[in-house]
file start00.cif (mmCIF, C-alpha atoms)
data_target
#
loop_
_atom_site.label_atom_id
_atom_site.label_comp_id
_atom_site.auth_asym_id
_atom_site.auth_seq_id
_atom_site.Cartn_x
_atom_site.Cartn_y
_atom_site.Cartn_z
CA MET O 1 128.30 -292.47 75.54
CA GLU O 2 130.67 -289.53 75.42
CA LEU O 3 130.59 -287.62 78.69
CA THR O 4 129.93 -283.99 77.95
CA ASN O 5 128.36 -281.52 80.36
CA GLU O 6 125.22 -281.41 78.20
CA ASN O 7 124.90 -285.22 78.06
CA VAL O 8 125.37 -285.65 81.80
CA LEU O 9 123.00 -282.79 82.63
CA GLY O 10 120.35 -284.21 80.32
CA LYS O 11 120.69 -287.65 81.86
CA LEU O 12 120.39 -286.28 85.40
CA ILE O 13 117.37 -284.11 84.55
CA ALA O 14 115.69 -287.10 82.90
CA GLN O 15 116.28 -289.17 86.05
CA PHE O 16 115.59 -286.58 88.78
CA GLY O 17 113.60 -283.79 87.11
CA GLU O 18 114.32 -280.11 86.53
CA GLU O 19 113.00 -279.21 89.98
CA ASN O 20 115.85 -281.24 91.54
CA ILE O 21 118.67 -280.35 89.10
CA ARG O 22 118.78 -276.56 88.80
CA ASP O 23 121.06 -273.54 88.31
CA ALA O 24 123.42 -275.50 86.06
CA TYR O 25 126.48 -273.77 84.65
CA ASN O 26 130.03 -274.69 83.60
CA PRO O 27 132.75 -272.65 85.31
CA ASP O 28 136.14 -273.83 84.11
CA GLY O 29 134.38 -276.55 82.10
CA ILE O 30 133.14 -278.35 85.23
CA MET O 31 129.41 -279.08 85.31
CA THR O 32 128.05 -277.34 88.41
CA PHE O 33 124.45 -277.47 89.60
CA THR O 34 122.30 -277.24 92.70
CA THR O 35 120.06 -279.91 94.19
CA ASN O 36 118.35 -280.38 97.55
CA ARG O 37 119.25 -282.43 100.59
CA GLU O 38 116.32 -284.79 100.05
CA ASN O 39 117.83 -286.02 96.76
CA ILE O 40 121.57 -285.81 97.38
CA ILE O 41 122.07 -289.46 98.37
CA ALA O 42 119.96 -290.86 95.52
CA LEU O 43 121.68 -288.51 93.06
CA ILE O 44 125.21 -289.40 94.12
CA GLN O 45 124.35 -293.12 94.30
CA TYR O 46 123.00 -292.86 90.74
CA LEU O 47 126.19 -291.15 89.53
CA TYR O 48 128.23 -293.89 91.24
CA ASP O 49 126.21 -296.86 89.94
CA ASP O 50 125.38 -295.72 86.40
CA LYS O 51 127.44 -297.75 83.92
CA ASP O 52 127.78 -294.82 81.50
CA LEU O 53 128.88 -292.27 84.12
CA GLN O 54 130.93 -294.22 86.71
CA VAL O 55 131.45 -291.19 88.96
CA GLN O 56 133.12 -293.20 91.70
CA PHE O 57 135.58 -290.79 93.28
CA LEU O 58 134.69 -288.12 95.83
CA THR O 59 137.35 -285.46 95.33
CA THR O 60 136.25 -283.15 98.10
CA MET O 61 133.41 -281.78 100.17
CA ALA O 62 133.54 -278.15 101.21
CA GLY O 63 131.33 -276.10 103.48
CA ILE O 64 130.51 -272.53 102.48
CA HIS O 65 128.79 -269.86 104.58
CA PHE O 66 126.70 -267.18 102.87
CA PRO O 67 125.33 -265.14 105.80
CA ASP O 68 123.45 -262.74 103.51
CA HIS O 69 121.44 -265.49 101.72
CA LYS O 70 118.47 -265.78 104.08
CA GLY O 71 117.18 -269.33 104.30
CA MET O 72 120.15 -270.65 102.30
CA GLU O 73 123.07 -269.50 104.42
CA MET O 74 124.91 -272.82 104.46
CA CYS O 75 126.15 -274.66 101.38
CA MET O 76 127.77 -278.06 101.08
CA MET O 77 129.66 -278.42 97.83
CA TYR O 78 130.54 -281.90 96.57
CA GLN O 79 133.17 -282.38 93.86
CA LEU O 80 133.06 -285.74 92.13
CA HIS O 81 135.21 -287.38 89.47
CA SER O 82 134.84 -290.26 87.05
CA LEU O 83 138.37 -291.61 86.83
CA ARG O 84 137.37 -293.86 83.94
CA HIS O 85 136.17 -290.94 81.79
CA ASN O 86 138.22 -288.15 83.39
CA TYR O 87 135.01 -286.23 83.95
CA ARG O 88 134.36 -283.92 86.90
CA LEU O 89 131.24 -282.35 88.33
CA ARG O 90 130.29 -280.16 91.25
CA ILE O 91 127.02 -280.37 93.20
CA LYS O 92 125.79 -277.74 95.66
CA VAL O 93 123.18 -278.17 98.38
CA PHE O 94 121.95 -275.10 100.27
CA VAL O 95 120.35 -275.37 103.72
CA PRO O 96 119.28 -272.79 106.33
CA ALA O 97 121.75 -271.94 109.10
CA GLU O 98 119.13 -272.99 111.67
CA ASP O 99 118.98 -276.50 110.15
CA PRO O 100 122.40 -277.42 108.71
CA VAL O 101 121.54 -281.11 108.46
CA LEU O 102 122.48 -283.36 105.53
CA PRO O 103 122.59 -287.14 105.13
CA THR O 104 125.99 -288.78 105.34
CA LEU O 105 127.77 -290.05 102.23
CA THR O 106 129.83 -292.57 104.21
CA GLY O 107 127.71 -295.42 102.85
CA ILE O 108 128.85 -294.57 99.31
CA TYR O 109 132.32 -293.09 99.84
CA ALA O 110 134.44 -294.07 102.85
CA THR O 111 136.47 -290.89 102.35
CA ALA O 112 133.38 -288.83 103.20
CA ASN O 113 133.99 -289.75 106.85
CA TRP O 114 136.80 -287.28 107.42
CA MET O 115 135.43 -284.67 105.01
CA GLU O 116 132.12 -284.61 106.88
CA ARG O 117 133.90 -284.40 110.22
CA GLU O 118 135.83 -281.39 108.92
CA ALA O 119 132.60 -279.70 107.74
CA TYR O 120 131.06 -280.36 111.15
CA ASP O 121 134.14 -279.08 112.96
CA PHE O 122 134.52 -275.82 111.02
CA TYR O 123 130.95 -275.00 109.90
CA GLY O 124 128.59 -276.96 112.15
CA PHE O 125 127.04 -279.21 109.51
CA ILE O 126 125.30 -282.25 111.01
CA PHE O 127 125.46 -285.43 108.94
CA THR O 128 122.71 -287.86 109.89
CA GLY O 129 123.89 -291.44 109.95
CA HIS O 130 127.58 -290.53 110.26
CA PRO O 131 129.44 -293.26 112.22
CA ASN O 132 131.61 -290.90 114.30
CA LEU O 133 130.68 -287.23 113.92
CA ILE O 134 133.20 -285.57 116.23
CA ARG O 135 135.65 -282.74 115.69
CA ILE O 136 138.67 -283.65 113.62
CA LEU O 137 141.06 -280.67 113.95
CA ASN O 138 139.74 -278.47 116.77
CA ILE O 139 139.38 -279.48 120.39
CA GLU O 140 136.14 -281.18 121.42
CA GLU O 141 135.48 -278.51 124.06
CA MET O 142 135.25 -275.79 121.42
CA GLU O 143 131.72 -274.36 121.46
CA TYR O 144 131.68 -272.63 118.07
CA HIS O 145 132.53 -273.31 114.44
CA PRO O 146 135.39 -271.01 113.40
CA MET O 147 134.82 -270.80 109.63
CA LEU O 148 131.43 -269.15 109.97
CA LYS O 149 131.69 -265.57 108.78
CA GLN O 150 130.34 -264.21 112.04
CA TYR O 151 133.87 -264.52 113.41
CA PRO O 152 136.68 -262.11 112.36
CA LEU O 153 139.42 -263.44 110.12
CA GLU O 154 142.14 -262.17 112.40
CA ASP O 155 142.68 -261.00 115.94
CA GLN O 156 141.46 -257.40 116.12
CA THR O 157 143.63 -256.75 119.20
CA ARG O 158 146.96 -257.36 117.41
CA GLU O 159 149.38 -254.49 117.75
CA ASP O 160 152.27 -255.90 115.73
CA LYS O 161 150.76 -255.00 112.34
CA ILE O 162 150.44 -251.66 110.67
CA ASP O 163 147.29 -251.63 108.56
CA THR O 164 148.76 -249.35 105.90
CA TYR O 165 151.14 -252.14 104.91
CA PHE O 166 148.11 -254.25 104.03
CA GLY O 167 146.23 -251.64 102.03
CA ARG O 168 143.79 -250.83 104.81
#

call {"tool": "encode", "arguments": {"input": "start00.cif", "output": "structure tokens"}}
result
Amino acid sequence: MELTNENVLGKLIAQFGEENIRDAYNPDGIMTFTTNRENIIALIQYLYDDKDLQVQFLTTMAGIHFPDHKGMEMCMMYQLHSLRHNYRLRIKVFVPAEDPVLPTLTGIYATANWMEREAYDFYGFIFTGHPNLIRILNIEEMEYHPMLKQYPLEDQTREDKIDTYFGR
């Protein structure tokens, strides 16, 4: 089976249904779609185990905060790669900010351990079943998650910058 975005999308929809594989598009030629947290483990396990797909490399996981998307403020984006077929895909899962809980991928990909710790550290995602969900880069005593957009990007009290140099 040749891995094209259309073939892979069709195979996933046949397995999981259109209600669980939605908003598909191909930015930069990479199949990108949205699913829900209830299906993410089964979906990624299927991609990993399927003999035609062999998507067995987790490239990255990235947290994204959309404060204006009520009920879907938090997004976890998974980028996966089939090294055998040189095929990539991107999966998004949106969850409410009040419930940023997702299942851990550490049972499928060992590398998810540190990626999930980073998403917890910077965005506050909770990964159920994670073997050691503690901060990875910030101090444990930190009581907030600095990549959330409710915090300013820079120190507003700085006096060593002149805003006109930065187009402001």

call {"tool": "resolve_selection", "arguments": {"input": "start00.cif", "expression": "the PyMOL selection byres ((chain O and resi 39) around 12)", "output": "list in words"}}
result
Leu12, Gln15, Phe16, Gly17, Glu19, Asn20, Ile21, Thr34, Thr35, Asn36, Arg37, Glu38, Ile40, Ile41, Ala42, Leu43, Ile44, Gln45, Tyr46, Ile91, Lys92, Val93, Leu102 and Pro103 of chain O

call {"tool": "resolve_selection", "arguments": {"input": "start00.cif", "expression": "the PyMOL selection byres ((chain O and resi 62) around 12)", "output": "compact mmCIF listing (two decimals) with C-alpha atoms, in the coordinates of the input"}}
result
# COMPACT_ATOMS: atom_id res chain seq x y z
CA LEU O 58 134.69 -288.12 95.83
CA THR O 59 137.35 -285.46 95.33
CA THR O 60 136.25 -283.15 98.10
CA MET O 61 133.41 -281.78 100.17
CA GLY O 63 131.33 -276.10 103.48
CA ILE O 64 130.51 -272.53 102.48
CA HIS O 65 128.79 -269.86 104.58
CA MET O 74 124.91 -272.82 104.46
CA CYS O 75 126.15 -274.66 101.38
CA MET O 76 127.77 -278.06 101.08
CA MET O 77 129.66 -278.42 97.83
CA TYR O 78 130.54 -281.90 96.57
CA GLN O 79 133.17 -282.38 93.86
CA LEU O 80 133.06 -285.74 92.13
CA ARG O 90 130.29 -280.16 91.25
CA ILE O 91 127.02 -280.37 93.20
CA LYS O 92 125.79 -277.74 95.66
CA VAL O 93 123.18 -278.17 98.38
CA ALA O 112 133.38 -288.83 103.20
CA TRP O 114 136.80 -287.28 107.42
CA MET O 115 135.43 -284.67 105.01
CA GLU O 116 132.12 -284.61 106.88
CA ARG O 117 133.90 -284.40 110.22
CA GLU O 118 135.83 -281.39 108.92
CA ALA O 119 132.60 -279.70 107.74
CA TYR O 120 131.06 -280.36 111.15
CA ASP O 121 134.14 -279.08 112.96
CA PHE O 122 134.52 -275.82 111.02
CA TYR O 123 130.95 -275.00 109.90
CA PHE O 125 127.04 -279.21 109.51
CA MET O 147 134.82 -270.80 109.63

call {"tool": "atom_distance", "arguments": {"input": "start00.cif", "atom1": "CA of Asn5 in chain O", "atom2": "CA of Leu105 in chain O"}}
result
23.5 Å

call {"tool": "residues_around", "arguments": {"input": "start00.cif", "residues": "Arg88 in chain O", "least_positions_apart": "2", "cutoff": "12 Å", "atoms": "all atoms listed in the file", "output": "number ranges by chain"}}
result
O: 3-5, 8, 26-32, 47, 53-60, 78-86, 90-91

call {"tool": "resolve_selection", "arguments": {"input": "start00.cif", "expression": "the PyMOL selection byres ((chain O and resi 73) around 10)", "output": "NGL selection string"}}
result
:O and (64-72 or 74-75 or 94-100)

call {"tool": "axis_aligned_box", "arguments": {"input": "start00.cif", "around": "range 79-86 of chain O", "padding_each_side": "3 Å", "output": "JSON"}}
result
{"center_x": 135.7, "center_y": -288.1, "center_z": 87.8, "size_x": 11.3, "size_y": 17.5, "size_z": 18.1}

call {"tool": "atom_distance", "arguments": {"input": "start00.cif", "atom1": "CA of Glu140 in chain O", "atom2": "CA of Val101 in chain O"}}
result
19.5 Å

call {"tool": "atom_distance", "arguments": {"input": "start00.cif", "atom1": "CA of Gly107 in chain O", "atom2": "CA of Gly10 in chain O"}}
result
26.2 Å

call {"tool": "closest_residue", "arguments": {"input": "start00.cif", "among": "O:Leu89, O:Pro146, O:Tyr48, O:Glu2", "to": "Tyr25 in chain O", "atoms": "all atoms listed in the file"}}
result
O:Leu89

call {"tool": "closest_residue", "arguments": {"input": "start00.cif", "among": "O:Gly124, O:Leu137, O:His130, O:Asp160", "to": "Tyr109 in chain O", "atoms": "only C-alpha atoms"}}
result
O:His130

call {"tool": "closest_residue", "arguments": {"input": "start00.cif", "among": "O:Thr106, O:Ile13, O:Ile139, O:Tyr144", "to": "Phe127 in chain O", "atoms": "all atoms listed in the file"}}
result
O:Thr106
